[in-house]
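Heads up, the thing below is written out as structure tokens.
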Amino acid sequence: MERVAAAAIIDAQGRVAGWSEGARLLTGRTAREVVGRPATDLLAEDVPADTLAAQAGTLVLRHRDGRRVELALTACPVLGPDGAPTGYVVTADPLVPAAAELAAQAFQLASMSMSVFDLQQRYLRVNDAACHVMGVPEETLVGRFYPETVEDAEHSRGFLRHLRQVAETGRPLRYESFTSAPALNREHAWSIEMWPLRDASGEPTAVALAAFDSSEQYWARRRLALLNEAATGIGTTLDVVRTAEELVELLVPQYADFASVDLLDWVLGADEPPMIPDGRVQLRRVAHGSTRAGNPGAALKLGETHVYEPSSPPARALCEGRAVLAHAGEPAFVQWVAERNERSPEGRPYRQGIHSMIAVPLRARGTSLGVAVFVRMAHPDDYGPDDAVFAEELGSRAAVCVDNARRFARERSTAHALQHSLLPRGLPGQAAVDVAHRYLPCGSLAGIGGDWFDVIPLSGSRVGLVVGDVVGHGIQSSATMGRLRTAVRTLADVDLPPDELLTHLDDLVSHLASDDSGEEVAELGATCLYAVYDPVSRRLCMAAAGHPAPVVVLPGDTPGFVAMTAGPPLGVGGLPFEATELELPEGSVVALYTDGLIEDRDRDVDRATEELRRALGAPADSLEALSDNVLKAVMPEQPTDDVALLMVRTRALGTDRVATWDVPPDPAQVAHFRQAATERLAAWGLNEASFVTELVVSELVTNAIRYGEPPIKLRLIRDRALICEVSDGSSTSPHLRRAHAYDEGGRGLLLVAQLTQRWGSRQTGSGKTIWAEQPLPGT
């Protein structure tokens, strides 16, 4: 403060004759009030005689408002012509307090809480700030033992221990404490420093302390710590509901007494995000938690929906895209609590004490997902602007985790639907094998894989069996699997041998990889096993591209893995595939599977294959039961890869259902074989099919004699259809064409195509076979 000097003139009679502006500022009195009055009227106490004699010293004036003003006085006499004093010029300055008095004033008016204790922990001095925190005047505390003045026993013991430590050791200390302040009705963090006071000899005589209110810093650190916990504690699983539960668990009870997470319905489904309405908002409760058992603050049960009015904090937060604070007494807060009480499941209102809440939107990547609500009841501190900033940051992090989980669930659902749409729903009817199959998607976060299987009817009552596995997981793998499955069906329809089919399939995978920019060939790699079973010859021919060998169980024998050479995985290119052929008695069981059945990072492959072999050797009532037994015995508890299992039991077509003739290359013999075919149909009770069969036999045998090469064979097969096959030694395939009006030939195959259900040709090791199928009479 700027020092103010005062001046006055006192005449010989002791009256005030002059009054300066400085004197007015120091005393609050104007010249009109003072001039002409005795100077003694201004004094608050008598002037000591020595001061008058010395014409210097201190005096105390009475301010106009009644308070005392201490001044340092100097008087200078004014001499008349005779040298006698005719008056005095008096100057005065405000008296500077002594250093001890200044220290006492600094102690008393300090903004931090300060106290002085004797060595027995009794109060000696307490400043104004400490009295405010304690809520009592200084005279109530002085002389009292510290523990008698506080209610927090735990804090009291720690504080008292530190006081004694300083008194006994004479060394200062500093520590932090967190406790309630009764007068402030809130919890506070304190940075406390204690130090000893010593006498002239250096012995401790008292203990002084200063307590700085570090609550703001404490809560700032606490909020930062919660954000760090959120980074590792929220989003540990790619599950929407679990992510919401993790957010609630993080906040209760550390930051809120009750917390809830409500999401828009589309977040839990596969729909696209709709526009957020400006009015009422419907949300679904997915998680909530409370410091009290039974969640008494929860007005909704998990899974229930509620429509929030536009004025409610949750609706405002969602529509405005920012955190909304509400406190007790505010209209929006009162209305929100009233709505909650009306929809409470037990019909009971909130317990007394709720005083503030925050509604924060969950927004990620520009999309609103829902609202999180934090409520305080037992926490004494109201939510403030800093809490709103913290809530928005936390809500943003949680929303990203929720959105990641939503996107994963959607992609997984899409991949799952895609894969199931590509897998065979019902296997086609055929007589070559009995079939049972299982497909189990993995439960890992990697998503749906690219495993598939198929059973493909082929000509001549044969059947193609295929099991494959595409590298990777997700939509890309499922789409690639669909491509490969379609390619296998297309190549199988051409009746390619297994090794040739895999060669063409390998080329296709290489082309797919090169067409997809940025994808390596290995990323689109796949394994596949393709086998063809002929029920007439009872031979199984198979080839593998990096795929596990199947297990064969012969009737009355123990299971065994097929000894075959597995070629490289599809997509590697440049290496051949080798076919393996077996002759199987009727009733043999063949198990084809993907590597997820026996391979896992935590399993021994040799042990798993042995478990598979034993499971296949165990007795079972049916092929379906055997499939279930295999999965139970071999599958790990938590598979990390998809599993496809295809089980087949072979059948055989005996001589009673197959007729074969060697045909000499003589056109004159055609009529003989027409007759032989008619007689065999009569023996089978298929006289109604004789006319069409005669035409088919006549055309196919004639073409073989005319255009083919010996040896020529005719075969009739009675299966689920009537099949006529003619084989010859020529590799030239026939082509269907339309004959012109005057052409003498070219109508035979067209006639066969029109009379039969389907027809075709396939290459064999010694030539080709042309076949035609017609439905059995009555089917």
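Chains: A, B, ... in order of the structure tokens. Residues: from 1 per chain. Ligands: from 1, in order shown.
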
DSSP on the backbone: which residues in segment 287-508 of chain A end up as alpha helix (DSSP H)? Give the answer as a ChimeraX atom specification. /A:313-320,331-342,385-422,475-493,498-508

Mind checking DSSP for segment 353-403 of chain A and telling me the strand (DSSP E) residues as an MDAnalysis selection string? chainID A and resid 356:364 367:376

If you count only C-alpha atoms, the residue of A:Leu501, A:Val701, A:Leu59, A:Leu173 closest to Thr40 of chain A turns out to be A:Leu59

Can you list, as a ChimeraX atom specification, every protein, DNA or RNA residue that comes within 9 Å of segment 4-9 of chain A when you count only C-alpha atoms, leaving out same-chain residues fewer than 3 positions away? /A:15-26,87-94

Would you mind listing what lies within 10 Å of Phe178 of chain A as an MDAnalysis selection string, with only C-alpha atoms counted and same-chain residues fewer than 6 positions away left out? chainID A and resid 155 187:191 213:215 218

Atoms kept (N, CA and C atoms) for selection, written as a short mmCIF file (atom, residue, chain, number, x, y, z; two decimals), in the first residue's frame:
data_model
loop_
_atom_site.label_atom_id
_atom_site.label_comp_id
_atom_site.auth_asym_id
_atom_site.auth_seq_id
_atom_site.Cartn_x
_atom_site.Cartn_y
_atom_site.Cartn_z
N HIS A 155 -8.23 -40.51 9.96
CA HIS A 155 -7.40 -39.34 9.64
C HIS A 155 -6.73 -38.79 10.90
N GLU A 187 -15.27 -33.63 0.41
CA GLU A 187 -13.99 -34.29 0.64
C GLU A 187 -12.88 -33.47 -0.01
N HIS A 188 -11.77 -33.38 0.72
CA HIS A 188 -10.67 -32.56 0.24
C HIS A 188 -9.36 -33.33 0.31
N ALA A 189 -8.47 -32.95 -0.58
CA ALA A 189 -7.10 -33.44 -0.54
C ALA A 189 -6.23 -32.32 0.01
N TRP A 190 -5.32 -32.69 0.89
CA TRP A 190 -4.46 -31.70 1.54
C TRP A 190 -2.99 -32.08 1.33
N SER A 191 -2.20 -31.05 1.05
CA SER A 191 -0.74 -31.19 1.09
C SER A 191 -0.28 -30.54 2.39
N ASP A 213 -4.84 -26.76 0.40
CA ASP A 213 -5.95 -27.49 -0.21
C ASP A 213 -5.59 -27.82 -1.67
N SER A 214 -5.24 -29.09 -1.90
CA SER A 214 -4.83 -29.53 -3.24
C SER A 214 -5.91 -30.38 -3.91
N SER A 215 -7.17 -30.10 -3.56
CA SER A 215 -8.27 -30.91 -4.09
C SER A 215 -8.35 -30.84 -5.61
N TYR A 218 -5.70 -32.86 -7.00
CA TYR A 218 -5.96 -34.28 -6.73
C TYR A 218 -6.98 -34.83 -7.72
#

Which residues are close to Thr291 of chain A, i.e. within 8 Å by only C-alpha atoms, leaving aside same-chain residues fewer than 6 positions away? Reply as a list in words. Val252, Pro253, Asp257 and Phe258 of chain A

Please produce a file of those selected residues containing N, CA and C atoms, as a PDB file, in the first residue's frame.
ATOM      1  N   VAL A 252     -17.869 -46.671 -11.150  1.00  0.00           N
ATOM      2  CA  VAL A 252     -18.523 -46.928  -9.855  1.00  0.00           C
ATOM      3  C   VAL A 252     -17.618 -47.831  -9.028  1.00  0.00           C
ATOM      4  N   PRO A 253     -17.253 -47.421  -7.794  1.00  0.00           N
ATOM      5  CA  PRO A 253     -17.676 -46.218  -7.063  1.00  0.00           C
ATOM      6  C   PRO A 253     -16.676 -45.067  -7.123  1.00  0.00           C
ATOM      7  N   ASP A 257     -21.799 -42.679  -7.952  1.00  0.00           N
ATOM      8  CA  ASP A 257     -22.521 -43.631  -7.100  1.00  0.00           C
ATOM      9  C   ASP A 257     -23.456 -44.507  -7.919  1.00  0.00           C
ATOM     10  N   PHE A 258     -23.808 -44.037  -9.097  1.00  0.00           N
ATOM     11  CA  PHE A 258     -24.614 -44.828 -10.017  1.00  0.00           C
ATOM     12  C   PHE A 258     -24.236 -44.419 -11.436  1.00  0.00           C
TER      13      PHE A 258
END

Among the residues A:Val463, A:Ala287, A:Gly370, A:Val207, the one that comes closest to Thr169 of chain A [using only C-alpha atoms]: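 For Thr169 of chain A, the nearest of the candidates is A:Val207.
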
Pairwise distance for atom CA of Leu751 of chain A and atom CA of Thr660 of chain A, rounded to one decimal in Å: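 Pair atom CA of Leu751 of chain A / atom CA of Thr660 of chain A returns 23.4 Å.
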
Just want the 9 Å neighbourhood of Pro559 of chain A, counted on only C-alpha atoms, with same-chain residues fewer than 6 positions away dropped. Output as a short mmCIF file (atom, residue, chain, number, x, y, z; two decimals) with C-alpha atoms, in the first residue's frame.
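Writing done, so here's selection_6.cif:
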data_model
loop_
_atom_site.label_atom_id
_atom_site.label_comp_id
_atom_site.auth_asym_id
_atom_site.auth_seq_id
_atom_site.Cartn_x
_atom_site.Cartn_y
_atom_site.Cartn_z
CA VAL A 551 -8.92 -91.60 -42.02
CA VAL A 552 -10.36 -94.85 -43.38
CA VAL A 553 -12.12 -97.44 -41.23
CA VAL A 589 -16.06 -95.26 -43.30
CA ARG A 613 -8.15 -92.50 -34.67
CA ARG A 614 -9.48 -93.94 -31.38
CA LEU A 616 -13.37 -93.35 -35.16
CA GLY A 617 -12.75 -96.88 -33.94
#

Applying 12 Å and only C-alpha atoms, which residues near Glu709 of chain A remain after dropping the ones on its own chain fewer than 5 positions away? List them as an MDAnalysis selection string. chainID A and resid 663:666 701:704 726:732 766:769

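For the pair atom CA of Leu369 of chain A and atom CA of Glu342 of chain A, the interatomic distance is 25.8 Å.
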
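The closest residue to Ala644 of chain A, picked from A:Pro172, A:Gly395, A:Pro619, A:Gly596 and counting only C-alpha atoms, is A:Gly596.
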